[in-house]
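What's in query_38.txt: compact mmCIF, C-alpha atoms
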# COMPACT_ATOMS: atom_id res chain seq x y z
CA MET A 1 -30.63 -80.85 29.77
CA ASN A 2 -29.78 -77.32 30.97
CA GLU A 3 -26.16 -76.28 30.84
CA SER A 4 -26.24 -75.92 34.63
CA ASP A 5 -27.22 -79.61 34.90
CA GLN A 6 -24.07 -80.73 33.12
CA PRO A 7 -21.14 -82.00 35.15
CA PRO A 8 -18.08 -79.71 34.85
CA GLY A 9 -16.31 -82.04 32.41
CA ASP A 10 -19.19 -81.87 29.94
CA ALA A 11 -19.49 -78.09 30.28
CA GLU A 12 -15.80 -77.71 29.47
CA ALA A 13 -16.19 -79.97 26.47
CA ALA A 14 -19.24 -77.98 25.31
CA ALA A 15 -17.27 -74.74 25.53
CA ALA A 16 -14.57 -76.23 23.32
CA VAL A 17 -16.96 -77.06 20.45
CA ASP A 18 -15.95 -75.29 17.23
CA ILE A 19 -19.15 -73.53 16.12
CA GLY A 20 -17.45 -72.30 12.93
CA LEU A 21 -16.82 -75.90 11.91
CA ILE A 22 -20.45 -76.81 12.53
CA ASP A 23 -21.62 -73.87 10.42
CA GLU A 24 -19.28 -74.95 7.63
CA MET A 25 -20.70 -78.50 7.74
CA LEU A 26 -24.26 -77.19 7.78
CA ARG A 27 -23.57 -75.28 4.56
CA MET A 28 -22.62 -78.52 2.78
CA SER A 29 -25.04 -81.02 1.25
CA PRO A 30 -25.39 -84.41 3.00
CA SER A 31 -23.36 -86.05 0.19
CA GLU A 32 -20.54 -83.53 0.66
CA ARG A 33 -20.56 -84.09 4.43
CA LEU A 34 -20.26 -87.85 3.98
CA ARG A 35 -17.39 -87.45 1.49
CA GLN A 36 -15.68 -85.05 3.88
CA ASN A 37 -15.86 -87.80 6.52
CA ASP A 38 -14.25 -90.26 4.07
CA ARG A 39 -11.40 -87.82 3.46
CA MET A 40 -10.86 -87.14 7.18
CA ALA A 41 -11.02 -90.85 8.05
CA ALA A 42 -8.44 -91.63 5.34
CA LEU A 43 -6.19 -88.86 6.67
CA ALA A 44 -6.52 -90.20 10.23
CA ALA A 45 -5.67 -93.71 9.01
CA ARG A 46 -2.54 -92.41 7.25
CA LEU A 47 -1.48 -90.55 10.40
CA ARG A 48 -2.02 -93.66 12.55
CA GLU A 49 0.08 -95.70 10.14
CA ALA A 50 2.82 -93.06 10.10
CA PHE A 51 2.98 -93.02 13.91
CA ALA A 52 3.00 -96.82 14.05
CA THR A 53 5.86 -96.95 11.53
CA ARG A 54 7.81 -94.37 13.51
CA GLU A 55 7.30 -96.35 16.71
CA ARG A 56 8.41 -99.60 15.06
CA GLU A 57 11.54 -97.88 13.74
CA TRP A 58 12.28 -96.33 17.12
CA LYS A 59 11.89 -99.71 18.86
CA ALA A 60 14.14 -101.37 16.28
CA ARG A 61 16.82 -98.72 16.84
CA THR A 62 16.69 -98.89 20.64
CA SER A 63 16.33 -102.66 21.17
CA MET B 1 -8.02 -103.46 1.79
CA GLU B 2 -9.68 -104.04 5.16
CA GLY B 3 -8.63 -100.62 6.45
CA ALA B 4 -10.11 -98.68 3.53
CA ASN B 5 -12.60 -95.97 4.31
CA GLN B 6 -15.00 -95.40 1.47
CA LEU B 7 -18.08 -95.29 3.63
CA THR B 8 -20.05 -93.26 1.09
CA SER B 9 -19.47 -96.05 -1.42
CA ILE B 10 -20.79 -98.65 1.04
CA LEU B 11 -23.98 -96.61 1.35
CA ALA B 12 -24.19 -96.33 -2.43
CA VAL B 13 -23.99 -100.12 -2.80
CA LEU B 14 -26.71 -100.65 -0.18
CA LEU B 15 -28.96 -98.09 -1.88
CA GLY B 16 -28.17 -99.53 -5.31
CA GLU B 17 -29.38 -102.95 -4.16
CA GLY B 18 -32.56 -101.38 -2.75
CA VAL B 19 -31.78 -102.36 0.85
CA GLU B 20 -34.21 -100.84 3.35
CA PHE B 21 -32.23 -99.48 6.29
CA VAL B 22 -31.84 -96.55 8.63
CA LEU B 23 -28.34 -95.12 8.94
CA VAL B 24 -27.60 -94.67 12.65
CA GLY B 25 -24.57 -93.74 14.75
CA ALA B 26 -21.93 -91.12 14.08
CA LEU B 27 -22.21 -91.25 10.28
CA ALA B 28 -25.92 -90.38 10.52
CA ALA B 29 -24.91 -87.37 12.62
CA VAL B 30 -22.25 -86.42 10.07
CA ALA B 31 -24.88 -86.53 7.29
CA GLN B 32 -26.82 -83.97 9.31
CA GLY B 33 -23.87 -81.64 9.81
CA ALA B 34 -21.99 -82.84 12.89
CA PRO B 35 -18.25 -82.22 12.42
CA LEU B 36 -17.18 -85.67 13.61
CA THR B 37 -14.98 -88.23 11.92
CA THR B 38 -16.09 -91.82 11.99
CA HIS B 39 -14.55 -94.96 10.53
CA ASP B 40 -17.58 -97.19 10.14
CA VAL B 41 -21.13 -97.41 8.84
CA ASP B 42 -23.87 -98.47 11.28
CA ILE B 43 -27.22 -99.47 9.85
CA VAL B 44 -30.42 -100.91 11.26
CA HIS B 45 -31.92 -102.98 8.46
CA ALA B 46 -35.45 -104.21 7.86
CA ARG B 47 -35.53 -107.92 8.67
CA THR B 48 -38.13 -109.00 6.12
CA PRO B 49 -37.12 -111.98 3.95
CA ALA B 50 -37.05 -109.85 0.78
CA ASN B 51 -34.87 -107.21 2.41
CA LEU B 52 -32.51 -109.82 3.82
CA ASP B 53 -32.06 -111.09 0.25
CA ARG B 54 -31.18 -107.57 -0.91
CA LEU B 55 -28.84 -107.05 2.06
CA MET B 56 -27.06 -110.34 1.37
CA ALA B 57 -26.60 -109.29 -2.28
CA ALA B 58 -25.11 -105.95 -1.21
CA LEU B 59 -22.82 -107.62 1.34
CA THR B 60 -21.56 -110.01 -1.34
CA LYS B 61 -20.78 -107.06 -3.61
CA VAL B 62 -18.52 -105.43 -0.99
CA ASN B 63 -16.93 -108.76 0.00
CA ALA B 64 -18.29 -108.56 3.56
CA ARG B 65 -17.00 -110.94 6.22
CA TYR B 66 -17.25 -110.89 10.01
CA ARG B 67 -14.66 -108.72 11.72
CA GLY B 68 -12.21 -110.18 14.18
CA ARG B 69 -11.53 -113.35 12.21
CA ALA B 70 -8.13 -114.42 10.96
CA ALA B 71 -7.56 -113.36 7.35
CA ASP B 72 -7.11 -116.97 6.25
CA SER B 73 -10.47 -118.10 7.69
CA PRO B 74 -12.98 -115.41 6.79
CA LEU B 75 -16.57 -115.93 7.89
CA PRO B 76 -19.11 -114.74 5.30
CA PRO B 77 -22.34 -112.96 6.28
CA ASP B 78 -24.87 -115.21 7.99
CA ARG B 79 -28.45 -114.59 6.79
CA ALA B 80 -29.91 -116.23 9.92
CA ALA B 81 -27.89 -113.88 12.17
CA LEU B 82 -28.99 -110.88 10.13
CA ALA B 83 -32.61 -111.92 10.71
CA THR B 84 -32.24 -111.44 14.48
CA VAL B 85 -32.03 -108.28 16.62
CA GLY B 86 -28.32 -109.00 17.09
CA HIS B 87 -25.34 -107.09 15.74
CA SER B 88 -23.24 -108.29 12.80
CA PRO B 89 -19.94 -106.39 12.66
CA MET B 90 -18.52 -106.75 9.15
CA ALA B 91 -15.30 -105.84 7.43
CA THR B 92 -15.75 -105.01 3.75
CA ASP B 93 -13.42 -103.99 0.92
CA LEU B 94 -14.70 -100.43 1.39
CA GLY B 95 -14.49 -100.17 5.20
CA PRO B 96 -16.27 -101.46 8.30
CA LEU B 97 -20.04 -101.97 8.23
CA ASP B 98 -22.13 -102.90 11.26
CA CYS B 99 -25.50 -104.44 10.42
CA LEU B 100 -27.72 -104.09 13.47
CA GLY B 101 -31.03 -105.89 13.85
CA ALA B 102 -31.95 -103.39 16.56
CA ILE B 103 -30.27 -100.76 18.72
CA GLU B 104 -30.82 -99.71 22.34
CA GLU B 105 -33.90 -101.16 24.02
CA GLY B 106 -34.86 -103.21 20.98
CA ARG B 107 -35.40 -100.27 18.63
CA ASP B 108 -35.64 -101.95 15.25
CA TYR B 109 -36.12 -100.67 11.70
CA GLU B 110 -39.89 -100.23 12.04
CA THR B 111 -39.44 -98.30 15.30
CA LEU B 112 -36.73 -96.06 13.87
CA VAL B 113 -38.39 -95.12 10.58
CA PRO B 114 -40.74 -92.55 12.19
CA LEU B 115 -37.71 -91.06 13.99
CA SER B 116 -35.71 -90.74 10.79
CA LEU B 117 -35.52 -88.35 7.88
CA VAL B 118 -34.56 -88.81 4.25
CA VAL B 119 -31.55 -86.96 2.85
CA ASP B 120 -30.17 -87.00 -0.66
CA LEU B 121 -27.07 -89.03 -1.43
CA ASP B 122 -26.14 -88.33 -5.05
CA GLY B 123 -29.75 -88.54 -6.15
CA HIS B 124 -30.66 -91.53 -3.97
CA PRO B 125 -32.88 -91.20 -0.89
CA LEU B 126 -30.87 -92.10 2.21
CA ARG B 127 -32.82 -92.62 5.44
CA VAL B 128 -30.91 -91.38 8.51
CA LEU B 129 -31.85 -91.41 12.17
CA GLY B 130 -32.81 -87.88 13.25
CA LEU B 131 -30.17 -85.92 15.12
CA GLU B 132 -32.54 -85.32 18.02
CA THR B 133 -32.89 -89.08 18.56
CA ILE B 134 -29.14 -89.62 18.16
CA VAL B 135 -28.52 -87.01 20.87
CA ALA B 136 -31.12 -88.64 23.15
CA LEU B 137 -29.45 -92.06 22.70
CA LYS B 138 -25.97 -90.65 23.35
CA ARG B 139 -27.24 -88.95 26.53
CA GLU B 140 -28.33 -92.39 27.79
CA SER B 141 -25.00 -93.94 26.86
CA THR B 142 -22.24 -94.59 29.37
CA SER B 143 -19.58 -95.03 26.68
CA PRO B 144 -16.73 -92.48 27.03
CA LYS B 145 -16.64 -92.13 23.23
CA ASP B 146 -20.33 -91.20 23.17
CA ARG B 147 -19.88 -88.74 26.06
CA LEU B 148 -17.06 -87.03 24.14
CA ALA B 149 -19.18 -86.66 21.01
CA LEU B 150 -22.25 -85.39 22.86
CA PRO B 151 -21.30 -81.67 23.08
CA VAL B 152 -20.62 -81.58 19.34
CA LEU B 153 -23.95 -83.29 18.58
CA GLU B 154 -25.88 -80.98 20.90
CA ALA B 155 -24.24 -77.88 19.40
CA THR B 156 -25.00 -79.13 15.87
CA LEU B 157 -28.63 -79.70 16.80
CA LYS B 158 -28.85 -76.19 18.26
CA ARG B 159 -27.16 -74.55 15.23
CA GLY B 160 -29.31 -76.53 12.80
CA ARG B 161 -32.46 -75.21 14.46
CA ALA B 162 -31.22 -71.60 14.52
So that I can check it, write out the structure of this file as C-alpha cells.
Amino acid sequence: MNESDQPPGDAEAAAAVDIGLIDEMLRMSPSERLRQNDRMAALAARLREAFATREREWKARTS
Amino acid sequence: MEGANQLTSILAVLLGEGVEFVLVGALAAVAQGAPLTTHDVDIVHARTPANLDRLMAALTKVNARYRGRAADSPLPPDRAALATVGHSPMATDLGPLDCLGAIEEGRDYETLVPLSLVVDLDGHPLRVLGLETIVALKRESTSPKDRLALPVLEATLKRGRA
C-alpha cells in the first residue's frame, strides 16, 4: 500500500511510529526481544493493578 | 498465577517437549523486532497424532486450562478440540496461550511453514511467521487493535529490510 492510499488516521499513526525504538529492537537478538516483551507486559500488568486499586479506594471513599 | 506473563518460558516448554508449531500474532512480530507489547502466545500447531501427544504433554506441564471458566471448575485441554482447525484459548501458570488449529482462511501449520522463518531462542530453533505475512494478515483485519499495530509492523518491516 502506498502512503497516499492510507486513510488519514493510518497516516497519522504511521507518522507517530518511533523509529528509534524499532532500531533498538532490531539490534537485539530474538531471545532478548521476547524477554523485553515479558518485562513490558509485567510492567503493564502492575500498572493496571495499581490503577484498579486506586479506583477501588476512590470508590470506597466516595460511596 | 493466571495473570503471570512469562511468555518466553511458555515457548521454552513447547520447544522442550518437541512440539511442532509456528508462532503467530504479535509475539511473532516482537521476535522479529516490532516494538509492541503483547500479553499472550499464539501458536498454530501441527495436528498430527504424535504432535498432539507432545502438545498435550507441554500443556500439562504449564497447567493449561480453558480461559473464561470459573476457577473452581477448570476445564483441561481437550485433545479432540486441538485436532480441529478451531481455536483453544488457554490460561496457563505462565500466561495466556492460544492454540490455533488454523488462522485466517484456514491457514494451518503446513500452509504457514513455508511462510515462516526460524529464529534462535536460547539455542532452540523457534519457528515464527514471517513479518511480511503478519503485515499482510493485519492489513486484511478489521480489528481496531490490529489496525493500531499495523503502522508499527510496517515500519519494522521497512527498517529490517534497510
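Nearest residue to chain A among B:Leu129, B:Ala50, B:Ala80, B:Val30 is B:Val30, counting only C-alpha atoms.
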* **Residues within 9 Å of Val113 of chain B, only C-alpha atoms, excluding chain neighbours under 6 positions, as a PyMOL selection string** => chain B and resi 21-22+127-129
Output as JSON lines one row per residue of segment 38-133 of chain B within 10 Å of segment 34-38 of chain A: the closest atom pair and its distance in Å to one decimal place, counting only C-alpha atoms, sorted by chain and residue number ascending.
{"residue": "B:Thr38", "atom": "CA", "partner": "A:Asn37", "partner_atom": "CA", "distance": 6.8}
{"residue": "B:His39", "atom": "CA", "partner": "A:Asp38", "partner_atom": "CA", "distance": 8.0}
{"residue": "B:Asp40", "atom": "CA", "partner": "A:Asp38", "partner_atom": "CA", "distance": 9.8}
{"residue": "B:Gly95", "atom": "CA", "partner": "A:Asp38", "partner_atom": "CA", "distance": 10.0}
{"residue": "B:Leu121", "atom": "CA", "partner": "A:Leu34", "partner_atom": "CA", "distance": 8.8}
Residues of the last selection are to be written out with C-alpha atoms, as an mmCIF file, in the frame of the given file.
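Saved result, result.cif, follows:
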data_model
loop_
_atom_site.group_PDB
_atom_site.id
_atom_site.type_symbol
_atom_site.label_atom_id
_atom_site.label_comp_id
_atom_site.auth_asym_id
_atom_site.auth_seq_id
_atom_site.Cartn_x
_atom_site.Cartn_y
_atom_site.Cartn_z
ATOM 1 C CA THR B 38 -16.090 -91.820 11.990
ATOM 2 C CA HIS B 39 -14.550 -94.960 10.530
ATOM 3 C CA ASP B 40 -17.580 -97.190 10.140
ATOM 4 C CA GLY B 95 -14.490 -100.170 5.200
ATOM 5 C CA LEU B 121 -27.070 -89.030 -1.430
#
* Asked: For the atom pair atom CA of Asp108 of chain B and atom CA of Thr84 of chain B, what is the interatomic distance in Å to one decimal place?
  ->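 That distance, rounded to one decimal, is 10.1 Å.
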* **Interface residues on chain A facing chain B, 7 Å, all atoms listed in the file, written as a list in words** =>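 On the chain A side, the interface is Ala13, Ala14, Val17, Leu21, Ile22, Met25, Leu26, Pro30, Ser31, Arg33, Leu34, Arg35, Asn37, Asp38, Met40, Ala41 and Ala42 of chain A.
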Nearby residues (all atoms listed in the file) at most 10 Å from Ile10 of chain B, same-chain spacing under 2 positions excluded, as a CSV table (one decimal) with C-alpha atoms, in the coordinates of the input:
chain,number,residue,atom,x,y,z
B,5,ASN,CA,-12.6,-96.0,4.3
B,6,GLN,CA,-15.0,-95.4,1.5
B,7,LEU,CA,-18.1,-95.3,3.6
B,8,THR,CA,-20.0,-93.3,1.1
B,12,ALA,CA,-24.2,-96.3,-2.4
B,13,VAL,CA,-24.0,-100.1,-2.8
B,14,LEU,CA,-26.7,-100.6,-0.2
B,15,LEU,CA,-29.0,-98.1,-1.9
B,16,GLY,CA,-28.2,-99.5,-5.3
B,40,ASP,CA,-17.6,-97.2,10.1
B,41,VAL,CA,-21.1,-97.4,8.8
B,58,ALA,CA,-25.1,-106.0,-1.2
B,59,LEU,CA,-22.8,-107.6,1.3
B,61,LYS,CA,-20.8,-107.1,-3.6
B,62,VAL,CA,-18.5,-105.4,-1.0
B,92,THR,CA,-15.8,-105.0,3.8
B,93,ASP,CA,-13.4,-104.0,0.9
B,94,LEU,CA,-14.7,-100.4,1.4
B,95,GLY,CA,-14.5,-100.2,5.2
B,96,PRO,CA,-16.3,-101.5,8.3
B,97,LEU,CA,-20.0,-102.0,8.2
Give, as AutoDock Vina command-line options, the centre coordinates and the x, y and z edge lengths in Å to one decimal for an axis-aligned box around all listed atoms of segment 33-36 of chain B, padded by 8 Å on each side.
--center_x -20.5 --center_y -83.7 --center_z 11.7 --size_x 22.7 --size_y 20.0 --size_z 19.8
* To do: May I ask for the distance between atom CA of Glu105 of chain B and atom CA of Val85 of chain B, given in Å to one decimal place?
  =>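 Calculated distance between atom CA of Glu105 of chain B and atom CA of Val85 of chain B is 10.4 Å.
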* Structure fact -> Taken to one decimal, the atom CA of Ser29 of chain A-atom CA of Ile103 of chain B distance is 26.9 Å
Quick one: segment 21-36 of chain A with N, CA, C and O atoms, as a short mmCIF file (atom, residue, chain, number, x, y, z; two decimals), keeping the file's coordinate frame?
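Output (out_28.cif):
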data_model
loop_
_atom_site.label_atom_id
_atom_site.label_comp_id
_atom_site.auth_asym_id
_atom_site.auth_seq_id
_atom_site.Cartn_x
_atom_site.Cartn_y
_atom_site.Cartn_z
N LEU A 21 -16.90 -74.62 12.63
CA LEU A 21 -16.82 -75.90 11.91
C LEU A 21 -18.22 -76.47 11.67
O LEU A 21 -18.52 -77.00 10.60
N ILE A 22 -19.06 -76.33 12.67
CA ILE A 22 -20.45 -76.81 12.53
C ILE A 22 -21.15 -76.02 11.43
O ILE A 22 -21.82 -76.61 10.56
N ASP A 23 -20.97 -74.71 11.44
CA ASP A 23 -21.62 -73.87 10.42
C ASP A 23 -21.14 -74.25 9.02
O ASP A 23 -21.92 -74.29 8.07
N GLU A 24 -19.84 -74.55 8.92
CA GLU A 24 -19.28 -74.95 7.63
C GLU A 24 -19.92 -76.26 7.16
O GLU A 24 -20.29 -76.41 5.99
N MET A 25 -20.06 -77.21 8.08
CA MET A 25 -20.70 -78.50 7.74
C MET A 25 -22.16 -78.29 7.35
O MET A 25 -22.66 -78.93 6.42
N LEU A 26 -22.83 -77.40 8.06
CA LEU A 26 -24.26 -77.19 7.78
C LEU A 26 -24.48 -76.56 6.40
O LEU A 26 -25.54 -76.70 5.81
N ARG A 27 -23.46 -75.88 5.90
CA ARG A 27 -23.57 -75.28 4.56
C ARG A 27 -23.43 -76.33 3.45
O ARG A 27 -23.81 -76.11 2.32
N MET A 28 -22.84 -77.46 3.78
CA MET A 28 -22.62 -78.52 2.78
C MET A 28 -23.89 -79.35 2.58
O MET A 28 -24.76 -79.39 3.45
N SER A 29 -23.94 -80.06 1.46
CA SER A 29 -25.04 -81.02 1.25
C SER A 29 -24.70 -82.30 2.03
O SER A 29 -23.53 -82.54 2.36
N PRO A 30 -25.69 -83.15 2.31
CA PRO A 30 -25.39 -84.41 3.00
C PRO A 30 -24.32 -85.24 2.28
O PRO A 30 -23.44 -85.81 2.92
N SER A 31 -24.37 -85.28 0.94
CA SER A 31 -23.36 -86.05 0.19
C SER A 31 -21.96 -85.49 0.44
O SER A 31 -21.00 -86.25 0.63
N GLU A 32 -21.85 -84.16 0.43
CA GLU A 32 -20.54 -83.53 0.66
C GLU A 32 -20.04 -83.82 2.07
O GLU A 32 -18.85 -84.07 2.28
N ARG A 33 -20.96 -83.81 3.03
CA ARG A 33 -20.56 -84.09 4.43
C ARG A 33 -20.03 -85.51 4.55
O ARG A 33 -19.03 -85.76 5.23
N LEU A 34 -20.70 -86.45 3.89
CA LEU A 34 -20.26 -87.85 3.98
C LEU A 34 -18.91 -88.04 3.30
O LEU A 34 -18.04 -88.78 3.79
N ARG A 35 -18.68 -87.35 2.18
CA ARG A 35 -17.39 -87.45 1.49
C ARG A 35 -16.28 -86.79 2.32
O ARG A 35 -15.14 -87.25 2.34
N GLN A 36 -16.65 -85.71 2.99
CA GLN A 36 -15.68 -85.05 3.88
C GLN A 36 -15.23 -86.03 4.97
O GLN A 36 -14.06 -86.10 5.31
#
